[in-house]
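S.K.: My questions all concern the structure below.
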Amino acid sequence: IRGDTLVAICIPLGCAALLAEAYFRTDLADAEPANECACVATSSLVTHSHVRDLERNGMVVIPDALGRGMLHRARQEVQRLQNDACFETSGNDKDVRQDQIVWLSNEIDRGEEGDNKDKTARPGLNHCIQLVRGVANALERHGYDGSYDHKVPLQCQLATYQGDGKALYHRHLDRCASSMTDLGLLNWLRLSDYRSRVVTVILYLNESDRPKSNGGALRCWFAKSARGGSKDYDEAAARGTNDAEDKGEDGSETFVDIQPNGGTLVIFKSNVVEHMVVPSKTDRFALTSWISGTLP
């Protein structure tokens with residue numbers, strides 16, 4: 001066979017292999033439907049009013065989602081993970097995001113590449129994982145109309161930002177809204193998980209009385225039109241926060257700073273709420289699950 005013939009055969013085969021790899025690259029293969037993630041604690045916590053707030057405002061903050069005893073236990077288990085060097089640098093660009101992460105499920109810990117790290121029993125963190133993963137079922141039980149066909153990954157991400165006053169995560173959306181034209185076919189396929197995110201759920205595992213001066217707030221931006229001049233919005237958006245401020249030359253934008261107090265549960269629309277993590281003066285811990293689904 002002539003060399004140019006081999007090249008003509010190998011190039012399309014190589015391209016096909018790359019596209020196949022991109023198409024099948026997913027962390028959602030083991031994701032479960034919302035009804036299989038039901039959690040009694042979550043069902044008791046997330047109310048009809050919370051779901052309506054989420055629909056109307058794009059975000060809801062629920063303080064004291066964990067009792068002090070459970071929070072204390074989970075924090076001890078997080079400290080063990082940190083002592084055992086289970087956290088690894090995030091795969092994102094360091095100029096954008098400067099945290100360390102470990103992937104957790106109810107059975108085992110996994111590093112970013114999926115290698116087993118630890119099989120130690122973690123009743124506190126297991127409860128937290130079940131609580132966070134149960135949000136999708138609670139939303140559906142209360143008739144949430146912001147998205148549907150929800151699926152929940154088995155693993156949650158536990159992230160820590162070093163308390164050096166520098167580590168942050170710049171402003172971003174959790175859902176990728178870029179088109180195939182913008183990304184190119186290969187990247188568009190590889191980002192399928194990010195393109196399917198509809199709801200972000202965060203549970204903070206810091207001190208419950210964490211001082212505001214420690215920093216580390218979750219700053220969330222909203223279009224002024226989302227508020228509609230409603231007092232209800234101001235109260236809902238500021239629940240669990242200390243600051244609300246207008247931004248933008250024309251005043252068309254506002255943001256709230258949510259303090260990452262231990263036990264606070266934050267739920268927001270992944271495709272709507274732009275947010276960032278502000279630098280912290282003490283180590284900051286957050287457990288996150290991204291619910292996948294279909295937008296109306």
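Order determines the names: the first chain of the structure tokens is A, the second B, and so forth; residues in each chain are numbered 1 upward, and ligands are numbered 1 upward as they are shown.
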List the neighbours of region 132-144 of chain A out to 6 Å using only C-alpha atoms; skip same-chain residues closer than 6 positions along the sequence, and give me the result as a PyMOL selection string.
M.R.: chain A and resi 34-35+37-39+42-43+48
S.K.: What's around His50 (chain A) at 10 Å? Count only C-alpha atoms, leave out sequence neighbours fewer than 2 positions away in its own chain, and write the answer as a list in words.
M.R.: Leu45, Val46, Thr47, His48, Arg52, Asp53, Leu54, Glu55, Arg56, Met59, Val60, Val61, Ile62, Leu139, His142, Ala236 and Ile267 of chain A
S.K.: Just list the residues in region 65-181 of chain A DSSP gives alpha helix (DSSP H) on the backbone, as JSON, numbers by chain.
M.R.: {"A": [68, 69, 70, 71, 72, 73, 74, 75, 76, 77, 78, 79, 80, 81, 82, 83, 123, 124, 125, 126, 127, 128, 129, 130, 131, 132, 133, 135, 136, 137, 138, 139, 140, 141, 180, 181]}
S.K.: For region 278-283 of chain A, work out the shell of residues within 10 Å, counting only C-alpha atoms and skipping chain neighbours fewer than 3 positions away, then give it as a list of chain:residue names.
M.R.: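 Residues meeting the cut-off are A:Gln98, A:Thr160, A:Tyr161, A:Gln162, A:Gly163, A:Asp164, A:Gly165, A:Lys166, A:Ala167, A:Leu168, A:Tyr169, A:His170, A:Arg171, A:Asn206, A:Arg210, A:Lys212, A:Ser213, A:Asn214, A:Gly215, A:Gly216, A:Ala217, A:Leu218, A:Arg219, A:Asp257, A:His275.
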S.K.: Near Cys220 (chain A), counting only C-alpha atoms, which residues have an atom at most 8 Å away, once you skip same-chain residues fewer than 4 positions from it, shown as number ranges by chain?
M.R.: A: 255-258, 273-276
S.K.: To one decimal place in Å, what is the distance between CA of Ala121 (chain A) and CA of Ala41 (chain A)?
M.R.: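 Atom-to-atom, CA of Ala121 (chain A) and CA of Ala41 (chain A) are spaced 20.0 Å apart.
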